[in-house]
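Peer 1: Structure file upload.cif (mmCIF, C-alpha atoms (C1' of nucleotides)) is given on the next line.
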data_run
#
loop_
_atom_site.label_atom_id
_atom_site.label_comp_id
_atom_site.auth_asym_id
_atom_site.auth_seq_id
_atom_site.Cartn_x
_atom_site.Cartn_y
_atom_site.Cartn_z
CA MET A 1 59.11 137.15 79.38
CA LYS A 2 58.04 134.66 81.96
CA LEU A 3 56.84 135.84 85.32
CA THR A 4 58.67 133.63 87.74
CA PRO A 5 58.58 133.94 91.52
CA GLN A 6 62.29 134.78 91.48
CA ARG A 7 61.79 137.66 89.10
CA LEU A 8 58.87 138.98 91.06
CA GLU A 9 60.81 138.85 94.29
CA ILE A 10 63.87 140.48 92.78
CA PHE A 11 61.67 143.20 91.38
CA GLN A 12 60.01 143.75 94.75
CA GLU A 13 63.34 143.82 96.47
CA LEU A 14 64.56 146.42 93.99
CA LEU A 15 61.51 148.58 94.63
CA SER A 16 62.23 148.57 98.33
CA HIS A 17 65.62 150.13 97.73
CA LYS A 18 65.84 153.83 97.24
CA ASP A 19 69.58 153.56 97.21
CA HIS A 20 71.86 151.62 94.90
CA PRO A 21 72.02 147.96 95.83
CA SER A 22 74.54 145.48 94.51
CA ALA A 23 73.63 142.08 93.13
CA GLU A 24 75.11 140.56 96.25
CA LEU A 25 72.91 142.62 98.57
CA ILE A 26 69.76 141.79 96.66
CA PHE A 27 70.76 138.15 96.84
CA LYS A 28 71.39 138.25 100.58
CA ASN A 29 68.10 139.96 101.34
CA LEU A 30 66.16 137.68 99.07
CA ARG A 31 67.58 134.56 100.58
CA LYS A 32 65.63 135.18 103.76
CA ARG A 33 62.34 134.65 102.05
CA LEU A 34 63.49 132.61 99.06
CA PRO A 35 66.18 130.35 100.47
CA THR A 36 66.82 128.45 97.27
CA ILE A 37 67.55 131.44 95.07
CA SER A 38 71.04 131.56 93.62
CA LEU A 39 73.35 134.47 93.04
CA ASP A 40 73.63 133.79 89.35
CA THR A 41 69.88 134.04 88.95
CA VAL A 42 70.08 137.45 90.57
CA TYR A 43 72.84 138.49 88.20
CA ARG A 44 70.94 137.14 85.22
CA THR A 45 67.74 138.80 86.24
CA LEU A 46 69.37 142.14 86.92
CA ALA A 47 70.99 141.95 83.50
CA THR A 48 67.61 141.24 81.97
CA PHE A 49 66.02 144.13 83.83
CA ASP A 50 68.82 146.38 82.68
CA GLU A 51 68.24 145.39 79.06
CA LEU A 52 64.54 146.06 79.48
CA GLY A 53 65.34 149.47 80.91
CA ILE A 54 63.68 148.72 84.25
CA ILE A 55 66.90 149.43 86.11
CA LYS A 56 70.27 150.85 85.24
CA ARG A 57 73.73 149.50 85.89
CA LEU A 58 75.89 151.94 87.70
CA ASN A 59 79.65 151.96 87.63
CA VAL A 60 81.20 154.21 90.16
CA SER A 61 84.82 154.20 91.10
CA ASN A 62 86.45 150.83 91.55
CA ALA A 63 83.54 149.35 93.37
CA ARG A 64 81.36 146.47 92.28
CA THR A 65 78.47 147.11 89.96
CA LEU A 66 75.49 148.80 91.54
CA PHE A 67 71.96 148.99 90.24
CA ASP A 68 69.85 152.08 90.09
CA THR A 69 66.09 151.89 90.22
CA ASN A 70 65.65 155.60 89.73
CA LEU A 71 64.96 156.14 86.06
CA ASP A 72 64.46 159.90 86.27
CA GLN A 73 67.23 161.96 84.76
CA HIS A 74 69.63 162.45 87.60
CA HIS A 75 73.27 162.40 88.62
CA HIS A 76 75.31 161.06 91.49
CA PHE A 77 77.28 162.32 94.41
CA ILE A 78 79.75 159.77 95.70
CA CYS A 79 81.33 160.14 99.09
CA THR A 80 84.98 159.26 98.78
CA ARG A 81 85.05 158.30 102.42
CA CYS A 82 82.03 156.07 103.02
CA LYS A 83 81.41 155.31 99.32
CA LYS A 84 77.75 156.18 99.65
CA VAL A 85 76.07 157.14 96.39
CA GLU A 86 73.38 159.82 96.50
CA ASP A 87 71.08 160.84 93.70
CA VAL A 88 71.24 164.48 92.74
CA TYR A 89 69.04 166.50 90.46
CA TRP A 90 70.11 169.43 88.36
CA PRO A 91 67.44 170.10 85.74
CA ASP A 92 68.98 173.38 84.59
CA PHE A 93 72.15 171.55 83.72
CA ASP A 94 70.22 168.81 81.97
CA LYS A 95 68.48 171.40 79.82
CA SER A 96 71.63 173.36 79.01
CA ASN A 97 73.21 173.05 75.60
CA LEU A 98 76.54 171.37 75.16
CA PRO A 99 79.26 173.58 73.71
CA LYS A 100 79.86 173.10 70.00
CA SER A 101 83.28 171.55 70.58
CA ILE A 102 81.49 168.70 72.34
CA SER A 103 78.23 168.39 70.45
CA THR A 104 80.10 167.99 67.17
CA LEU A 105 81.92 164.88 68.38
CA GLY A 106 78.98 162.71 67.50
CA SER A 107 75.42 162.03 68.49
CA ILE A 108 75.35 162.53 72.21
CA GLN A 109 72.50 160.76 73.94
CA THR A 110 73.01 160.95 77.68
CA ARG A 111 74.97 162.96 80.15
CA HIS A 112 75.83 161.71 83.57
CA LEU A 113 77.57 163.79 86.17
CA GLU A 114 79.60 162.25 88.93
CA LEU A 115 80.36 164.46 91.88
CA HIS A 116 83.00 163.35 94.33
CA GLY A 117 83.56 164.68 97.79
CA ILE A 118 82.81 164.03 101.41
CA CYS A 119 79.23 163.75 102.59
CA ASN A 120 77.89 165.68 105.56
CA GLN A 121 77.74 162.61 107.76
CA CYS A 122 81.41 161.88 107.23
CA LEU A 123 82.26 165.54 107.78
CA ASN A 124 80.37 165.48 111.07
CA LYS A 125 82.10 162.34 112.23
CA GLU A 126 85.40 164.04 111.52
CA ASN A 127 84.46 167.13 113.53
CA ASN A 128 83.34 165.08 116.50
CA MET A 129 86.66 163.32 116.86
CA MET B 1 110.52 156.04 95.52
CA LYS B 2 113.07 154.01 93.62
CA LEU B 3 113.68 154.76 90.01
CA THR B 4 113.63 151.34 88.42
CA PRO B 5 113.87 150.64 84.70
CA GLN B 6 110.35 149.21 84.83
CA ARG B 7 108.93 152.37 86.31
CA LEU B 8 110.76 154.53 83.82
CA GLU B 9 109.51 152.49 80.90
CA ILE B 10 105.96 152.41 82.18
CA PHE B 11 106.11 156.16 82.59
CA GLN B 12 107.43 156.61 79.07
CA GLU B 13 104.81 154.32 77.69
CA LEU B 14 102.13 156.31 79.46
CA LEU B 15 103.45 159.54 77.99
CA SER B 16 103.19 158.11 74.50
CA HIS B 17 99.45 157.56 74.96
CA LYS B 18 97.12 160.45 74.43
CA ASP B 19 94.20 158.08 74.85
CA HIS B 20 93.25 155.93 77.80
CA PRO B 21 95.29 152.76 77.93
CA SER B 22 94.53 149.75 80.09
CA ALA B 23 97.11 148.02 82.24
CA GLU B 24 97.01 145.15 79.79
CA LEU B 25 97.84 147.38 76.82
CA ILE B 26 100.73 149.04 78.62
CA PHE B 27 101.99 145.61 79.48
CA LYS B 28 101.77 144.31 75.92
CA ASN B 29 103.55 147.30 74.45
CA LEU B 30 106.24 147.25 77.09
CA ARG B 31 106.98 143.62 76.60
CA LYS B 32 108.50 144.35 73.20
CA ARG B 33 111.35 146.27 74.73
CA LEU B 34 111.29 144.83 78.24
CA PRO B 35 110.48 141.15 77.72
CA THR B 36 110.76 140.18 81.36
CA ILE B 37 108.28 142.70 82.72
CA SER B 38 105.24 141.21 84.37
CA LEU B 39 101.63 142.31 84.35
CA ASP B 40 101.50 142.59 88.10
CA THR B 41 104.37 145.04 88.10
CA VAL B 42 102.42 147.13 85.64
CA TYR B 43 99.36 147.01 87.87
CA ARG B 44 101.43 147.83 90.92
CA THR B 45 103.20 150.68 89.23
CA LEU B 46 100.02 152.17 87.83
CA ALA B 47 98.51 152.01 91.30
CA THR B 48 101.56 153.82 92.67
CA PHE B 49 101.36 156.47 89.96
CA ASP B 50 97.70 156.93 90.69
CA GLU B 51 98.43 157.46 94.37
CA LEU B 52 101.09 159.99 93.47
CA GLY B 53 98.63 161.78 91.23
CA ILE B 54 100.68 161.23 88.10
CA ILE B 55 97.81 159.45 86.40
CA LYS B 56 94.17 158.86 87.14
CA ARG B 57 92.16 155.68 87.20
CA LEU B 58 89.17 155.86 84.98
CA ASN B 59 86.07 153.74 85.37
CA VAL B 60 83.74 153.94 82.47
CA SER B 61 80.89 151.57 81.86
CA ASN B 62 81.52 147.93 82.57
CA ALA B 63 84.90 147.92 80.92
CA ARG B 64 88.21 147.24 82.57
CA THR B 65 90.00 150.02 84.37
CA LEU B 66 91.62 152.59 82.12
CA PHE B 67 94.28 155.09 83.02
CA ASP B 68 94.22 158.73 82.11
CA THR B 69 97.42 160.70 81.70
CA ASN B 70 95.61 163.95 81.11
CA LEU B 71 95.54 165.77 84.43
CA ASP B 72 93.82 168.90 83.17
CA GLN B 73 90.24 169.33 84.30
CA HIS B 74 88.26 167.55 81.64
CA HIS B 75 85.40 165.17 81.00
CA HIS B 76 84.74 162.16 78.80
CA PHE B 77 82.66 161.23 75.83
CA ILE B 78 82.22 157.49 75.51
CA CYS B 79 81.02 155.97 72.29
CA THR B 80 78.52 153.28 73.15
CA ARG B 81 79.33 151.49 69.94
CA CYS B 82 83.12 151.34 69.69
CA LYS B 83 83.73 152.12 73.38
CA LYS B 84 86.25 154.80 72.51
CA VAL B 85 86.80 157.39 75.23
CA GLU B 86 87.46 160.96 74.15
CA ASP B 87 88.51 163.84 76.36
CA VAL B 88 86.20 166.81 76.32
CA TYR B 89 86.64 170.26 77.78
CA TRP B 90 83.89 172.48 79.09
CA PRO B 91 85.48 175.24 81.16
CA ASP B 92 82.24 177.20 81.53
CA PHE B 93 80.63 174.21 83.14
CA ASP B 94 83.64 173.67 85.39
CA LYS B 95 83.37 177.26 86.59
CA SER B 96 79.61 177.17 87.13
CA ASN B 97 78.21 176.95 90.62
CA LEU B 98 76.41 173.87 91.79
CA PRO B 99 72.80 174.41 92.82
CA LYS B 100 72.26 174.68 96.55
CA SER B 101 70.42 171.37 96.72
CA ILE B 102 73.65 169.72 95.64
CA SER B 103 76.32 171.87 97.24
CA THR B 104 74.75 171.37 100.66
CA LEU B 105 75.16 167.58 100.51
CA GLY B 106 78.71 167.83 101.67
CA SER B 107 82.09 169.07 100.60
CA ILE B 108 82.19 168.47 96.89
CA GLN B 109 85.66 168.28 95.48
CA THR B 110 85.48 167.14 91.89
CA ARG B 111 82.94 166.89 89.13
CA HIS B 112 83.25 164.51 86.26
CA LEU B 113 80.87 164.44 83.36
CA GLU B 114 80.33 161.33 81.30
CA LEU B 115 78.70 161.81 77.95
CA HIS B 116 77.40 158.77 76.14
CA GLY B 117 76.47 158.55 72.50
CA ILE B 118 77.78 157.49 69.14
CA CYS B 119 80.96 159.02 67.78
CA ASN B 120 81.22 160.47 64.28
CA GLN B 121 83.28 157.58 63.00
CA CYS B 122 80.66 155.06 64.02
CA LEU B 123 77.92 157.27 62.59
CA ASN B 124 79.78 157.40 59.28
CA LYS B 125 80.25 153.67 59.16
CA GLU B 126 76.54 153.29 59.69
CA ASN B 127 75.69 155.65 56.83
CA ASN B 128 78.03 153.91 54.43
CA MET B 129 76.36 150.55 54.86
"C1'" DT C 1 123.52 147.62 103.32
"C1'" DT C 2 118.66 147.79 103.51
"C1'" DA C 3 114.33 149.30 102.30
"C1'" DT C 4 111.84 148.62 98.17
"C1'" DG C 5 110.64 146.66 93.93
"C1'" DT C 6 110.17 142.68 90.69
"C1'" DG C 7 108.66 138.33 88.86
"C1'" DC C 8 106.39 134.27 89.66
"C1'" DA C 9 102.54 131.85 90.89
"C1'" DA C 10 98.64 131.71 93.17
"C1'" DA C 11 94.69 133.60 95.14
"C1'" DG C 12 90.90 136.86 95.15
"C1'" DA C 13 86.74 139.40 93.96
"C1'" DC C 14 83.16 139.74 91.08
"C1'" DT C 15 80.53 138.10 87.26
"C1'" DT C 16 79.24 134.98 83.55
"C1'" DT C 17 78.26 130.52 81.35
"C1'" DG C 18 77.19 125.47 80.24
"C1'" DC C 19 74.21 122.21 81.33
"C1'" DT C 20 70.27 119.73 83.14
"C1'" DC C 21 66.07 119.82 85.14
"C1'" DC C 22 62.06 122.53 85.93
"C1'" DT C 23 58.11 125.56 85.11
"C1'" DC C 24 55.24 129.23 83.34
"C1'" DA C 25 52.13 130.29 79.69
"C1'" DT D 1 53.95 120.85 75.55
"C1'" DG D 2 57.65 123.68 74.56
"C1'" DA D 3 60.40 127.82 75.02
"C1'" DG D 4 62.53 130.07 78.37
"C1'" DG D 5 64.23 130.20 83.32
"C1'" DA D 6 66.49 128.35 87.74
"C1'" DG D 7 70.06 126.16 90.22
"C1'" DC D 8 74.37 124.10 90.40
"C1'" DA D 9 79.05 124.07 89.53
"C1'" DA D 10 82.58 125.56 87.05
"C1'" DA D 11 84.97 128.76 84.36
"C1'" DG D 12 86.22 133.53 83.11
"C1'" DT D 13 88.02 138.11 83.52
"C1'" DC D 14 90.44 141.42 85.64
"C1'" DT D 15 93.22 142.61 89.51
"C1'" DT D 16 95.75 141.90 93.79
"C1'" DT D 17 98.89 139.54 96.97
"C1'" DG D 18 102.58 136.46 99.32
"C1'" DC D 19 106.98 135.28 98.90
"C1'" DA D 20 111.85 134.87 97.60
"C1'" DC D 21 115.20 137.00 95.04
"C1'" DA D 22 117.11 141.18 93.07
"C1'" DT D 23 118.34 146.04 93.06
"C1'" DA D 24 118.44 151.22 93.59
"C1'" DA D 25 120.02 154.54 96.80
#
Can I see the file as structure tokens?
Peer 2:
Amino acid sequence: MKLTPQRLEIFQELLSHKDHPSAELIFKNLRKRLPTISLDTVYRTLATFDELGIIKRLNVSNARTLFDTNLDQHHHFICTRCKKVEDVYWPDFDKSNLPKSISTLGSIQTRHLELHGICNQCLNKENNM
Amino acid sequence: MKLTPQRLEIFQELLSHKDHPSAELIFKNLRKRLPTISLDTVYRTLATFDELGIIKRLNVSNARTLFDTNLDQHHHFICTRCKKVEDVYWPDFDKSNLPKSISTLGSIQTRHLELHGICNQCLNKENNM
DNA sequence: TTATGTGCAAAGACTTTGCTCCTCA
DNA sequence: TGAGGAGCAAAGTCTTTGCACATAA
């Protein structure tokens, strides 16, 4: 794979996000320092990175595709109000065995838990009104 | 809410699916007996049903939106090869308590587990080649 | 009757692709 | 130099919306 300035910048931009940026956001941020970059290059590069396993596509609810730079085994809590996505860890669950009724369905490789609810910040806003 | 023939037929069509149909599939099937129905009516009606809680939107991987008629608490196993979505039940997990690090993030209302792997049918195909 | 729903067409949001020129290795 | 990448524009896919007519209650 060629090391182009675009790829380097996209990679750097990804590293600076601890959250879950969209292609659009990466593009917008990058444009400030790389004015000629195009959105399709960002899409193409993110797809490449995803194939290489450097990042992971994330599909939550009906929103646009997000990208996750956290490769540790983890899950997500999605606030139904502000749509924020937070990483959550639950190692005991990850280690637990699947019940037979599930494990016999095939070869199960990954498990990903999606928790939905209202985050503390949104709860606080509500209480202050 | 008005009880229109379209809505009735869409509802019936939904009931006949134990799997997870897309709006497009519902539309195609319905067309046979209701040739004038339009795809946007299907979309609109499915959105209405979703709001009413009669069905649930399902967003798995990068695929189009699917609709789930199974309202029991359950999870999904998605075959990464044939993209089939199977319902799975794990009541013990549903009953288990979330760790404090998670439950303190906010008010968590639902948990949905997505299992990814290769289903038995795809595994068999592989072995027979 | 009248609030609502439907069908049509068109727009919209997001993402991908074809092509030509460019550039890293 | 040559294979692979970038930028541009355009197309694609899935879904939603505006509007005029139709229809259930």
Peer 1: Counting all atoms listed in the file, give me one row per residue of chain D with an atom at most 12 Å from an atom of range 42-61 of chain A, showing the shortest contact pair and its distance in Å to one decimal, sorted by chain then residue number, as JSON lines.
Peer 2:
{"residue": "D:DG5", "atom": "C1'", "partner": "A:Thr45", "partner_atom": "CA", "distance": 9.7}
{"residue": "D:DA6", "atom": "C1'", "partner": "A:Arg44", "partner_atom": "CA", "distance": 10.2}
{"residue": "D:DG7", "atom": "C1'", "partner": "A:Val42", "partner_atom": "CA", "distance": 11.3}
Peer 1: I'd like the residues picked by the PyMOL selection byres ((chain B) within 6 of (chain A)) written out as a list in words, using the chain letters and numbers from the file.
Peer 2: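 Listing what the PyMOL selection byres ((chain B) within 6 of (chain A)) selects in the shown file: Asn59, Ser61, Leu105, Gly106, Ser107, Ile108, Gln109, Thr110, Arg111, His112, Leu113, Glu114, Leu115, His116, Gly117, Ile118, Cys119 and Asn120 of chain B.
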Peer 1: Restricting the output to C-alpha atoms, write the selected residues as a PDB file, keeping the file's coordinate frame.
Peer 2:
ATOM      1  CA  ASN B  59      86.070 153.740  85.370  1.00  0.00           C
ATOM      2  CA  SER B  61      80.890 151.570  81.860  1.00  0.00           C
ATOM      3  CA  LEU B 105      75.160 167.580 100.510  1.00  0.00           C
ATOM      4  CA  GLY B 106      78.710 167.830 101.670  1.00  0.00           C
ATOM      5  CA  SER B 107      82.090 169.070 100.600  1.00  0.00           C
ATOM      6  CA  ILE B 108      82.190 168.470  96.890  1.00  0.00           C
ATOM      7  CA  GLN B 109      85.660 168.280  95.480  1.00  0.00           C
ATOM      8  CA  THR B 110      85.480 167.140  91.890  1.00  0.00           C
ATOM      9  CA  ARG B 111      82.940 166.890  89.130  1.00  0.00           C
ATOM     10  CA  HIS B 112      83.250 164.510  86.260  1.00  0.00           C
ATOM     11  CA  LEU B 113      80.870 164.440  83.360  1.00  0.00           C
ATOM     12  CA  GLU B 114      80.330 161.330  81.300  1.00  0.00           C
ATOM     13  CA  LEU B 115      78.700 161.810  77.950  1.00  0.00           C
ATOM     14  CA  HIS B 116      77.400 158.770  76.140  1.00  0.00           C
ATOM     15  CA  GLY B 117      76.470 158.550  72.500  1.00  0.00           C
ATOM     16  CA  ILE B 118      77.780 157.490  69.140  1.00  0.00           C
ATOM     17  CA  CYS B 119      80.960 159.020  67.780  1.00  0.00           C
ATOM     18  CA  ASN B 120      81.220 160.470  64.280  1.00  0.00           C
TER      19      ASN B 120
END
Peer 1: Excluding same-chain residues fewer than 6 positions from DA13 in chain C, what lies within 10 Å of it counting all atoms listed in the file, as a VMD selection string?
Peer 2: (chain A and resid 64) or (chain D and resid 14 to 16)
Peer 1: Near DC8 in chain C, counting only C-alpha atoms (C1' of nucleotides), which residues have an atom at most 10 Å away, once you skip same-chain residues fewer than 4 positions from it, shown as a short mmCIF file (atom, residue, chain, number, x, y, z; two decimals) with C-alpha atoms (C1' of nucleotides), in the coordinates of the input?
Peer 2:
data_model
loop_
_atom_site.label_atom_id
_atom_site.label_comp_id
_atom_site.auth_asym_id
_atom_site.auth_seq_id
_atom_site.Cartn_x
_atom_site.Cartn_y
_atom_site.Cartn_z
CA SER B 38 105.24 141.21 84.37
CA ASP B 40 101.50 142.59 88.10
"C1'" DC D 19 106.98 135.28 98.90
"C1'" DA D 20 111.85 134.87 97.60
#
Peer 1: Just so the selection is clear, what residues does the PyMOL selection byres ((chain C and resi 25) around 10) cover here, as an NGL selection string?
Peer 2: (:A and (1-3)) or (:C and (23-24)) or (:D and (3))
Peer 1: Residues of chain C that have any atom at most 12 Å from an atom of chain B: could you tabulate them with the shortest-distance atom pair and the distance in Å to one decimal, using all atoms listed in the file, ordered by chain and increasing number, as a tab-separated table?
Peer 2:
residue	atom	partner	partner_atom	distance
C:DA3	C1'	B:Lys2	CA	10.0
C:DT4	C1'	B:Lys2	CA	7.2
C:DG5	C1'	B:Lys2	CA	7.7
C:DT6	C1'	B:Thr41	CA	6.8
C:DG7	C1'	B:Ser38	CA	6.3
C:DC8	C1'	B:Ser38	CA	8.8
C:DA9	C1'	B:Asp40	CA	11.1
C:DC14	C1'	B:Asn62	CA	11.9
C:DT15	C1'	B:Asn62	CA	10.9
Peer 1: Report, in Å with one decimal, the straight-line distance from CA of Phe11 in chain B to C1' of DA24 in chain D.
Peer 2: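 C1' of DA24 in chain D lies 17.2 Å from CA of Phe11 in chain B.
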Peer 1: Between CA of Lys18 in chain A and CA of Asn70 in chain A, what distance in Å does the model show, to one decimal?
Peer 2: 7.7 Å
Peer 1: Just give me the gap between CA of Val85 in chain B and CA of His20 in chain B in Å, one decimal is fine.
Peer 2: 7.1 Å
Peer 1: Near range 14-17 of chain B, within 9 Å and counting all atoms listed in the file, which residues show up once chain neighbours fewer than 6 positions away are dropped, as a ChimeraX atom specification?
Peer 2: /B:26,55,67-69
